[in-house]
file structure_35.cif (mmCIF, N, CA and C atoms)
data_start
loop_
_atom_site.label_atom_id
_atom_site.label_comp_id
_atom_site.auth_asym_id
_atom_site.auth_seq_id
_atom_site.Cartn_x
_atom_site.Cartn_y
_atom_site.Cartn_z
N GLN A 134 4.00 3.64 16.97
CA GLN A 134 4.79 4.55 16.16
C GLN A 134 4.05 4.86 14.86
N VAL A 135 3.99 6.12 14.51
CA VAL A 135 3.28 6.53 13.30
C VAL A 135 4.10 6.18 12.06
N GLN A 136 3.42 5.62 11.10
CA GLN A 136 4.07 5.30 9.83
C GLN A 136 3.15 5.69 8.70
N LEU A 137 3.69 6.39 7.72
CA LEU A 137 2.95 6.78 6.52
C LEU A 137 3.63 6.12 5.33
N VAL A 138 2.87 5.33 4.60
CA VAL A 138 3.44 4.59 3.48
C VAL A 138 2.76 5.05 2.20
N GLU A 139 3.57 5.65 1.32
CA GLU A 139 3.05 6.13 0.04
C GLU A 139 3.25 5.07 -1.03
N SER A 140 2.38 5.11 -2.02
CA SER A 140 2.51 4.23 -3.17
C SER A 140 1.86 4.91 -4.37
N GLY A 141 2.16 4.38 -5.55
CA GLY A 141 1.51 4.87 -6.75
C GLY A 141 2.38 5.74 -7.65
N GLY A 142 3.57 6.08 -7.19
CA GLY A 142 4.44 6.88 -8.04
C GLY A 142 5.01 6.06 -9.18
N GLY A 143 5.70 6.74 -10.09
CA GLY A 143 6.30 6.03 -11.20
C GLY A 143 6.61 6.96 -12.35
N LEU A 144 6.87 6.35 -13.50
CA LEU A 144 7.21 7.07 -14.72
C LEU A 144 5.99 7.08 -15.64
N VAL A 145 5.65 8.24 -16.14
CA VAL A 145 4.49 8.36 -17.02
C VAL A 145 4.78 9.42 -18.08
N GLN A 146 4.16 9.27 -19.22
CA GLN A 146 4.33 10.26 -20.28
C GLN A 146 3.46 11.48 -20.00
N ALA A 147 3.88 12.60 -20.54
CA ALA A 147 3.08 13.82 -20.41
C ALA A 147 1.66 13.57 -20.90
N GLY A 148 0.70 14.07 -20.15
CA GLY A 148 -0.69 13.85 -20.46
C GLY A 148 -1.30 12.66 -19.77
N GLY A 149 -0.45 11.84 -19.16
CA GLY A 149 -0.92 10.65 -18.47
C GLY A 149 -1.42 10.93 -17.06
N SER A 150 -1.76 9.85 -16.37
CA SER A 150 -2.33 9.95 -15.02
C SER A 150 -1.64 9.01 -14.06
N LEU A 151 -1.63 9.40 -12.82
CA LEU A 151 -1.17 8.55 -11.73
C LEU A 151 -2.06 8.82 -10.53
N ARG A 152 -2.17 7.81 -9.67
CA ARG A 152 -2.91 7.98 -8.42
C ARG A 152 -2.00 7.61 -7.26
N LEU A 153 -1.72 8.57 -6.43
CA LEU A 153 -0.91 8.33 -5.25
C LEU A 153 -1.80 7.97 -4.07
N SER A 154 -1.32 7.06 -3.24
CA SER A 154 -2.01 6.69 -2.01
C SER A 154 -1.05 6.80 -0.85
N CYS A 155 -1.59 7.12 0.31
CA CYS A 155 -0.78 7.18 1.52
C CYS A 155 -1.60 6.57 2.65
N ALA A 156 -1.12 5.43 3.14
CA ALA A 156 -1.80 4.74 4.22
C ALA A 156 -1.07 4.98 5.53
N ALA A 157 -1.83 5.40 6.53
CA ALA A 157 -1.24 5.70 7.83
C ALA A 157 -1.49 4.56 8.80
N SER A 158 -0.53 4.32 9.65
CA SER A 158 -0.69 3.32 10.70
C SER A 158 -0.08 3.85 11.98
N GLY A 159 -0.43 3.24 13.08
CA GLY A 159 0.10 3.68 14.37
C GLY A 159 -0.87 4.52 15.17
N ARG A 160 -1.74 5.22 14.48
CA ARG A 160 -2.81 5.98 15.11
C ARG A 160 -3.76 6.44 14.02
N THR A 161 -4.94 6.85 14.41
CA THR A 161 -5.89 7.34 13.44
C THR A 161 -5.74 8.85 13.28
N PHE A 162 -6.07 9.34 12.09
CA PHE A 162 -5.94 10.76 11.79
C PHE A 162 -7.27 11.36 11.36
N SER A 163 -8.33 10.93 11.99
CA SER A 163 -9.66 11.40 11.61
C SER A 163 -9.89 12.86 11.98
N LEU A 164 -9.06 13.44 12.84
CA LEU A 164 -9.16 14.85 13.20
C LEU A 164 -7.92 15.63 12.78
N ASN A 165 -7.27 15.17 11.73
CA ASN A 165 -6.07 15.83 11.23
C ASN A 165 -6.25 16.14 9.75
N ALA A 166 -5.82 17.33 9.35
CA ALA A 166 -5.74 17.63 7.93
C ALA A 166 -4.65 16.77 7.31
N LEU A 167 -4.84 16.39 6.07
CA LEU A 167 -3.86 15.59 5.34
C LEU A 167 -3.48 16.32 4.06
N GLY A 168 -2.34 15.99 3.53
CA GLY A 168 -1.95 16.67 2.31
C GLY A 168 -0.81 16.00 1.58
N TRP A 169 -0.49 16.57 0.44
CA TRP A 169 0.64 16.12 -0.38
C TRP A 169 1.54 17.32 -0.67
N PHE A 170 2.82 17.11 -0.49
CA PHE A 170 3.84 18.08 -0.83
C PHE A 170 4.73 17.47 -1.90
N ARG A 171 5.48 18.30 -2.56
CA ARG A 171 6.44 17.77 -3.52
C ARG A 171 7.73 18.58 -3.49
N GLN A 172 8.80 17.91 -3.88
CA GLN A 172 10.10 18.54 -3.88
C GLN A 172 10.88 18.08 -5.11
N ALA A 173 11.20 19.03 -5.96
CA ALA A 173 12.02 18.76 -7.13
C ALA A 173 13.48 19.04 -6.76
N PRO A 174 14.43 18.46 -7.49
CA PRO A 174 15.85 18.67 -7.19
C PRO A 174 16.20 20.15 -7.16
N GLY A 175 16.86 20.57 -6.10
CA GLY A 175 17.29 21.96 -5.97
C GLY A 175 16.21 22.92 -5.54
N LYS A 176 15.02 22.39 -5.24
CA LYS A 176 13.91 23.26 -4.85
C LYS A 176 13.41 22.88 -3.46
N GLU A 177 12.61 23.77 -2.88
CA GLU A 177 12.05 23.50 -1.57
C GLU A 177 10.84 22.56 -1.68
N ARG A 178 10.52 21.95 -0.56
CA ARG A 178 9.34 21.11 -0.48
C ARG A 178 8.12 22.01 -0.26
N ASP A 179 7.19 21.98 -1.20
CA ASP A 179 6.02 22.84 -1.15
C ASP A 179 4.73 22.04 -1.23
N VAL A 180 3.69 22.62 -0.68
CA VAL A 180 2.39 21.95 -0.70
C VAL A 180 1.85 21.87 -2.12
N VAL A 181 1.22 20.76 -2.43
CA VAL A 181 0.54 20.56 -3.71
C VAL A 181 -0.97 20.63 -3.49
N ALA A 182 -1.43 19.87 -2.51
CA ALA A 182 -2.85 19.83 -2.20
C ALA A 182 -3.04 19.39 -0.76
N SER A 183 -4.12 19.83 -0.15
CA SER A 183 -4.44 19.37 1.20
C SER A 183 -5.94 19.32 1.38
N ILE A 184 -6.36 18.57 2.41
CA ILE A 184 -7.78 18.37 2.65
C ILE A 184 -8.01 18.35 4.16
N SER A 185 -9.09 18.98 4.59
CA SER A 185 -9.42 19.01 6.01
C SER A 185 -9.91 17.63 6.47
N TRP A 186 -9.96 17.44 7.79
CA TRP A 186 -10.35 16.12 8.28
C TRP A 186 -11.79 15.79 7.92
N SER A 187 -12.62 16.83 7.78
CA SER A 187 -14.02 16.61 7.42
C SER A 187 -14.20 16.40 5.93
N GLY A 188 -13.19 16.77 5.17
CA GLY A 188 -13.30 16.70 3.71
C GLY A 188 -14.00 17.91 3.12
N SER A 189 -14.44 18.83 3.97
CA SER A 189 -15.23 19.97 3.49
C SER A 189 -14.37 21.06 2.87
N SER A 190 -13.09 21.06 3.19
CA SER A 190 -12.19 22.08 2.63
C SER A 190 -11.00 21.43 1.95
N THR A 191 -10.66 21.98 0.79
CA THR A 191 -9.48 21.52 0.08
C THR A 191 -8.67 22.72 -0.38
N PHE A 192 -7.41 22.48 -0.62
CA PHE A 192 -6.51 23.51 -1.14
C PHE A 192 -5.67 22.88 -2.24
N TYR A 193 -5.47 23.65 -3.32
CA TYR A 193 -4.60 23.22 -4.41
C TYR A 193 -3.69 24.39 -4.79
N VAL A 194 -2.44 24.09 -5.03
CA VAL A 194 -1.56 25.11 -5.57
C VAL A 194 -2.04 25.41 -6.99
N ASP A 195 -1.89 26.64 -7.42
CA ASP A 195 -2.46 27.07 -8.70
C ASP A 195 -2.03 26.19 -9.87
N SER A 196 -0.80 25.71 -9.85
CA SER A 196 -0.28 24.96 -10.99
C SER A 196 -0.94 23.60 -11.20
N VAL A 197 -1.69 23.12 -10.20
CA VAL A 197 -2.32 21.80 -10.35
C VAL A 197 -3.85 21.87 -10.34
N LYS A 198 -4.39 23.06 -10.15
CA LYS A 198 -5.84 23.20 -10.13
C LYS A 198 -6.46 22.71 -11.43
N GLY A 199 -7.52 21.92 -11.31
CA GLY A 199 -8.18 21.38 -12.48
C GLY A 199 -7.55 20.09 -12.99
N ARG A 200 -6.39 19.73 -12.48
CA ARG A 200 -5.72 18.50 -12.92
C ARG A 200 -5.59 17.48 -11.80
N PHE A 201 -5.39 17.93 -10.58
CA PHE A 201 -5.20 17.04 -9.45
C PHE A 201 -6.43 17.09 -8.54
N THR A 202 -6.72 15.96 -7.91
CA THR A 202 -7.81 15.88 -6.95
C THR A 202 -7.35 15.13 -5.72
N ILE A 203 -7.52 15.74 -4.56
CA ILE A 203 -7.17 15.09 -3.31
C ILE A 203 -8.44 14.55 -2.66
N SER A 204 -8.33 13.40 -2.03
CA SER A 204 -9.46 12.82 -1.32
C SER A 204 -8.93 12.00 -0.15
N ARG A 205 -9.82 11.64 0.75
CA ARG A 205 -9.41 10.85 1.90
C ARG A 205 -10.49 9.87 2.27
N ASP A 206 -10.07 8.79 2.91
CA ASP A 206 -10.97 7.78 3.43
C ASP A 206 -10.59 7.59 4.90
N ASN A 207 -11.36 8.21 5.80
CA ASN A 207 -11.01 8.16 7.22
C ASN A 207 -11.11 6.74 7.79
N ALA A 208 -12.02 5.95 7.23
CA ALA A 208 -12.16 4.58 7.70
C ALA A 208 -10.90 3.76 7.41
N LYS A 209 -10.22 4.11 6.31
CA LYS A 209 -9.00 3.40 5.94
C LYS A 209 -7.75 4.17 6.34
N ASN A 210 -7.93 5.34 6.95
CA ASN A 210 -6.78 6.15 7.37
C ASN A 210 -5.85 6.43 6.19
N THR A 211 -6.45 6.76 5.06
CA THR A 211 -5.72 6.88 3.80
C THR A 211 -6.08 8.18 3.08
N VAL A 212 -5.08 8.77 2.45
CA VAL A 212 -5.29 9.94 1.61
C VAL A 212 -4.81 9.63 0.21
N TYR A 213 -5.49 10.19 -0.78
CA TYR A 213 -5.19 9.92 -2.18
C TYR A 213 -4.91 11.23 -2.92
N LEU A 214 -4.16 11.10 -4.01
CA LEU A 214 -3.98 12.23 -4.92
C LEU A 214 -4.10 11.70 -6.34
N GLN A 215 -5.19 12.03 -6.98
CA GLN A 215 -5.39 11.67 -8.38
C GLN A 215 -4.77 12.77 -9.23
N MET A 216 -3.83 12.38 -10.07
CA MET A 216 -3.11 13.35 -10.89
C MET A 216 -3.37 13.05 -12.36
N ASN A 217 -4.03 13.96 -13.03
CA ASN A 217 -4.35 13.82 -14.45
C ASN A 217 -3.61 14.88 -15.25
N SER A 218 -3.55 14.67 -16.55
CA SER A 218 -2.91 15.64 -17.46
C SER A 218 -1.53 16.04 -16.94
N LEU A 219 -0.75 15.06 -16.58
CA LEU A 219 0.55 15.33 -15.97
C LEU A 219 1.49 16.02 -16.95
N LYS A 220 2.31 16.90 -16.40
CA LYS A 220 3.27 17.66 -17.18
C LYS A 220 4.69 17.36 -16.67
N PRO A 221 5.69 17.57 -17.51
CA PRO A 221 7.07 17.35 -17.05
C PRO A 221 7.42 18.15 -15.80
N GLU A 222 6.84 19.32 -15.65
CA GLU A 222 7.13 20.13 -14.47
C GLU A 222 6.51 19.57 -13.19
N ASP A 223 5.68 18.54 -13.31
CA ASP A 223 5.16 17.86 -12.12
C ASP A 223 6.16 16.84 -11.57
N THR A 224 7.24 16.62 -12.27
CA THR A 224 8.26 15.67 -11.83
C THR A 224 8.86 16.12 -10.50
N ALA A 225 8.80 15.23 -9.50
CA ALA A 225 9.28 15.54 -8.16
C ALA A 225 9.12 14.32 -7.27
N GLN A 226 9.69 14.43 -6.08
CA GLN A 226 9.40 13.46 -5.03
C GLN A 226 8.16 13.99 -4.31
N TYR A 227 7.16 13.13 -4.18
CA TYR A 227 5.91 13.51 -3.55
C TYR A 227 5.84 12.92 -2.15
N TYR A 228 5.46 13.77 -1.19
CA TYR A 228 5.42 13.37 0.20
C TYR A 228 4.01 13.53 0.77
N CYS A 229 3.57 12.50 1.46
CA CYS A 229 2.34 12.56 2.21
C CYS A 229 2.61 13.32 3.52
N ALA A 230 1.62 14.08 3.98
CA ALA A 230 1.81 14.89 5.18
C ALA A 230 0.57 14.86 6.06
N VAL A 231 0.79 14.88 7.37
CA VAL A 231 -0.30 14.91 8.34
C VAL A 231 -0.15 16.14 9.20
N GLY A 232 -1.23 16.90 9.32
CA GLY A 232 -1.21 18.09 10.14
C GLY A 232 -1.54 17.79 11.60
N ARG A 233 -1.54 18.82 12.39
CA ARG A 233 -1.83 18.66 13.82
C ARG A 233 -3.30 18.36 14.05
N ARG A 234 -3.56 17.62 15.10
CA ARG A 234 -4.92 17.29 15.48
C ARG A 234 -5.67 18.59 15.79
N THR A 235 -6.89 18.72 15.28
CA THR A 235 -7.65 19.94 15.50
C THR A 235 -9.14 19.62 15.44
N TYR A 236 -9.93 20.44 16.13
CA TYR A 236 -11.37 20.29 16.05
C TYR A 236 -11.98 21.21 15.00
N TYR A 237 -11.12 22.02 14.34
CA TYR A 237 -11.60 22.89 13.28
C TYR A 237 -11.76 22.06 12.01
N SER A 238 -12.97 21.88 11.57
CA SER A 238 -13.27 20.96 10.47
C SER A 238 -12.80 21.46 9.12
N THR A 239 -12.43 22.75 9.03
CA THR A 239 -11.99 23.31 7.76
C THR A 239 -10.48 23.55 7.70
N SER A 240 -9.77 23.17 8.74
CA SER A 240 -8.32 23.39 8.79
C SER A 240 -7.61 22.57 7.73
N ILE A 241 -6.70 23.20 6.98
CA ILE A 241 -5.95 22.51 5.93
C ILE A 241 -4.46 22.81 6.10
N LEU A 242 -3.64 22.16 5.29
CA LEU A 242 -2.19 22.37 5.31
C LEU A 242 -1.80 23.35 4.21
N ARG A 243 -0.99 24.34 4.56
CA ARG A 243 -0.56 25.31 3.55
C ARG A 243 0.96 25.43 3.48
N SER A 244 1.64 24.95 4.51
CA SER A 244 3.10 25.06 4.49
C SER A 244 3.71 23.94 5.33
N ARG A 245 5.02 23.80 5.23
CA ARG A 245 5.72 22.74 5.98
C ARG A 245 5.52 22.92 7.48
N SER A 246 5.35 24.13 7.94
CA SER A 246 5.20 24.38 9.37
C SER A 246 3.87 23.82 9.91
N ASP A 247 2.95 23.49 9.04
CA ASP A 247 1.66 22.91 9.46
C ASP A 247 1.73 21.40 9.65
N VAL A 248 2.86 20.80 9.28
CA VAL A 248 2.96 19.34 9.21
C VAL A 248 3.57 18.75 10.48
N ASP A 249 2.92 17.69 10.98
CA ASP A 249 3.45 16.94 12.13
C ASP A 249 4.18 15.67 11.71
N TYR A 250 3.68 15.02 10.65
CA TYR A 250 4.28 13.76 10.21
C TYR A 250 4.46 13.77 8.71
N TRP A 251 5.56 13.13 8.28
CA TRP A 251 5.86 13.01 6.86
C TRP A 251 5.97 11.55 6.45
N GLY A 252 5.55 11.28 5.21
CA GLY A 252 5.84 9.99 4.62
C GLY A 252 7.26 9.97 4.08
N GLN A 253 7.68 8.82 3.55
CA GLN A 253 9.05 8.67 3.08
C GLN A 253 9.23 9.21 1.67
N GLY A 254 8.12 9.43 0.97
CA GLY A 254 8.19 9.99 -0.37
C GLY A 254 8.06 8.94 -1.45
N THR A 255 7.49 9.35 -2.57
CA THR A 255 7.39 8.49 -3.75
C THR A 255 7.71 9.35 -4.97
N GLN A 256 8.50 8.80 -5.87
CA GLN A 256 8.96 9.57 -7.02
C GLN A 256 7.93 9.55 -8.15
N VAL A 257 7.67 10.72 -8.68
CA VAL A 257 6.83 10.87 -9.87
C VAL A 257 7.69 11.51 -10.95
N THR A 258 7.80 10.83 -12.08
CA THR A 258 8.58 11.34 -13.20
C THR A 258 7.70 11.39 -14.43
N VAL A 259 7.61 12.57 -15.03
CA VAL A 259 6.77 12.76 -16.21
C VAL A 259 7.69 13.09 -17.38
N SER A 260 7.66 12.24 -18.38
CA SER A 260 8.51 12.45 -19.55
C SER A 260 7.77 13.24 -20.63
N SER A 261 8.51 14.00 -21.39
CA SER A 261 7.88 14.84 -22.43
C SER A 261 7.83 14.12 -23.76
#
call {"tool": "encode", "arguments": {"input": "structure_35.cif", "output": "structure tokens"}}
result
Amino acid sequence: QVQLVESGGGLVQAGGSLRLSCAASGRTFSLNALGWFRQAPGKERDVVASISWSGSSTFYVDSVKGRFTISRDNAKNTVYLQMNSLKPEDTAQYYCAVGRRTYYSTSILRSRSDVDYWGQGTQVTVSS
């Protein structure tokens, strides 16, 4: 059974940093795009960042470009999200996501419809 376990969320002041991790178990995802989505109260769950299985392609929503960095370690079946210069508007529940298995090395996640598996979520709260 596939399990995605996120960690690293918490409360931080504006301008601070957090690093989210998502460890997958149950199967390997070396041929799957990985990503992070977030959902604030009353809003839809939207993609924040994603990375292809090769690591050669990444995507960032405009609001986090230059502040967030996504990376993956296929040997550890883990995806990371380094979040710097955090803002109050980054406050949300963050979800790890796994896309469908593909041989396209540049395939990334852009919407919820691209996702096969979800993590349980980790809360990120940024105070002003």
call {"tool": "closest_residue", "arguments": {"input": "structure_35.cif", "among": "A:Ser260, A:Thr191, A:Ser158, A:Thr239", "to": "Thr211 (chain A)", "atoms": "only N, CA and C atoms"}}
result
A:Ser158
call {"tool": "select_by_dssp", "arguments": {"input": "structure_35.cif", "residues": "chain A", "states": "strand (DSSP E or B)", "output": "JSON, numbers by chain"}}
result
{"A": [136, 137, 138, 139, 140, 143, 144, 145, 146, 151, 152, 153, 154, 155, 156, 157, 158, 165, 166, 167, 168, 169, 170, 171, 172, 179, 180, 181, 182, 183, 184, 191, 192, 193, 201, 202, 203, 204, 205, 206, 211, 212, 213, 214, 215, 216, 225, 226, 227, 228, 229, 230, 231, 232, 233, 234, 248, 249, 250, 251, 255, 256, 257, 258, 259, 260]}
call {"tool": "closest_residue", "arguments": {"input": "structure_35.cif", "among": "A:Ser261, A:Asn210, A:Gln146, A:Ser140", "to": "Ser163 (chain A)", "atoms": "only C-alpha atoms"}}
result
A:Asn210
call {"tool": "atom_distance", "arguments": {"input": "structure_35.cif", "atom1": "atom N of Trp251 (chain A)", "atom2": "atom N of Gly149 (chain A)"}}
result
28.1 Å
call {"tool": "closest_residue", "arguments": {"input": "structure_35.cif", "among": "A:Gln253, A:Ser196, A:Gln134, A:Ser185", "to": "Asp223 (chain A)", "atoms": "only C-alpha atoms"}}
result
A:Ser196
call {"tool": "closest_residue", "arguments": {"input": "structure_35.cif", "among": "A:Ser150, A:Asn217, A:Asn165, A:Gln172", "to": "Gly188 (chain A)", "atoms": "only C-alpha atoms"}}
result
A:Asn165
call {"tool": "closest_residue", "arguments": {"input": "structure_35.cif", "among": "A:Lys209, A:Lys220, A:Arg243, A:Lys176", "to": "Val194 (chain A)", "atoms": "only C-alpha atoms"}}
result
A:Arg243
call {"tool": "resolve_selection", "arguments": {"input": "structure_35.cif", "expression": "the PyMOL selection byres (((chain A and resi 152 and name CA) around 12) and name CA)", "output": "MDAnalysis selection string"}}
result
chainID A and resid 139:145 149:151 153:155 169 200:204 212:219 227 255 257
call {"tool": "atom_distance", "arguments": {"input": "structure_35.cif", "atom1": "CA of Ala166 (chain A)", "atom2": "atom N of Ser246 (chain A)"}}
result
12.9 Å
call {"tool": "residues_around", "arguments": {"input": "structure_35.cif", "residues": "Leu137 (chain A)", "least_positions_apart": "6", "cutoff": "5 Å", "atoms": "all atoms listed in the file", "output": "MDAnalysis selection string"}}
result
chainID A and resid 156:157 252
call {"tool": "residues_around", "arguments": {"input": "structure_35.cif", "residues": "Gly168 (chain A)", "least_positions_apart": "4", "cutoff": "6 Å", "atoms": "all atoms listed in the file", "output": "JSON, numbers by chain"}}
result
{"A": [182, 183, 184, 228, 229, 230, 231, 232]}
call {"tool": "write_last_selection", "arguments": {"input": "structure_35.cif", "atoms": "N, CA and C atoms", "output": "compact mmCIF listing (two decimals), in the coordinates of the input"}}
result
# COMPACT_ATOMS: atom_id res chain seq x y z
N ALA A 182 -1.43 19.87 -2.51
CA ALA A 182 -2.85 19.83 -2.20
C ALA A 182 -3.04 19.39 -0.76
N SER A 183 -4.12 19.83 -0.15
CA SER A 183 -4.44 19.37 1.20
C SER A 183 -5.94 19.32 1.38
N ILE A 184 -6.36 18.57 2.41
CA ILE A 184 -7.78 18.37 2.65
C ILE A 184 -8.01 18.35 4.16
N TYR A 228 5.46 13.77 -1.19
CA TYR A 228 5.42 13.37 0.20
C TYR A 228 4.01 13.53 0.77
N CYS A 229 3.57 12.50 1.46
CA CYS A 229 2.34 12.56 2.21
C CYS A 229 2.61 13.32 3.52
N ALA A 230 1.62 14.08 3.98
CA ALA A 230 1.81 14.89 5.18
C ALA A 230 0.57 14.86 6.06
N VAL A 231 0.79 14.88 7.37
CA VAL A 231 -0.30 14.91 8.34
C VAL A 231 -0.15 16.14 9.20
N GLY A 232 -1.23 16.90 9.32
CA GLY A 232 -1.21 18.09 10.14
C GLY A 232 -1.54 17.79 11.60
call {"tool": "atom_distance", "arguments": {"input": "structure_35.cif", "atom1": "atom C of Gly148 (chain A)", "atom2": "CA of Ala225 (chain A)"}}
result
16.0 Å
call {"tool": "axis_aligned_box", "arguments": {"input": "structure_35.cif", "around": "region 193-212 of chain A", "padding_each_side": "8 Å", "output": "lines of an AutoDock Vina configuration file"}}
result
center_x = -6.2
center_y = 15.2
center_z = -2.6
size_x = 27.9
size_y = 39.7
size_z = 36.8
call {"tool": "resolve_selection", "arguments": {"input": "structure_35.cif", "expression": "the PyMOL selection byres (((chain A and resi 238 and name CA) around 7) and name CA)", "output": "PyMOL selection string"}}
result
chain A and resi 185-187+236-237+239-240
call {"tool": "select_by_dssp", "arguments": {"input": "structure_35.cif", "residues": "region 208-258 of chain A", "states": "helix (DSSP H, G or I)", "output": "PyMOL selection string"}}
result
chain A and resi 221-223+245-247
call {"tool": "closest_residue", "arguments": {"input": "structure_35.cif", "among": "A:Thr224, A:Ser189, A:Thr235, A:Ser244", "to": "Thr258 (chain A)", "atoms": "all atoms listed in the file"}}
result
A:Thr224
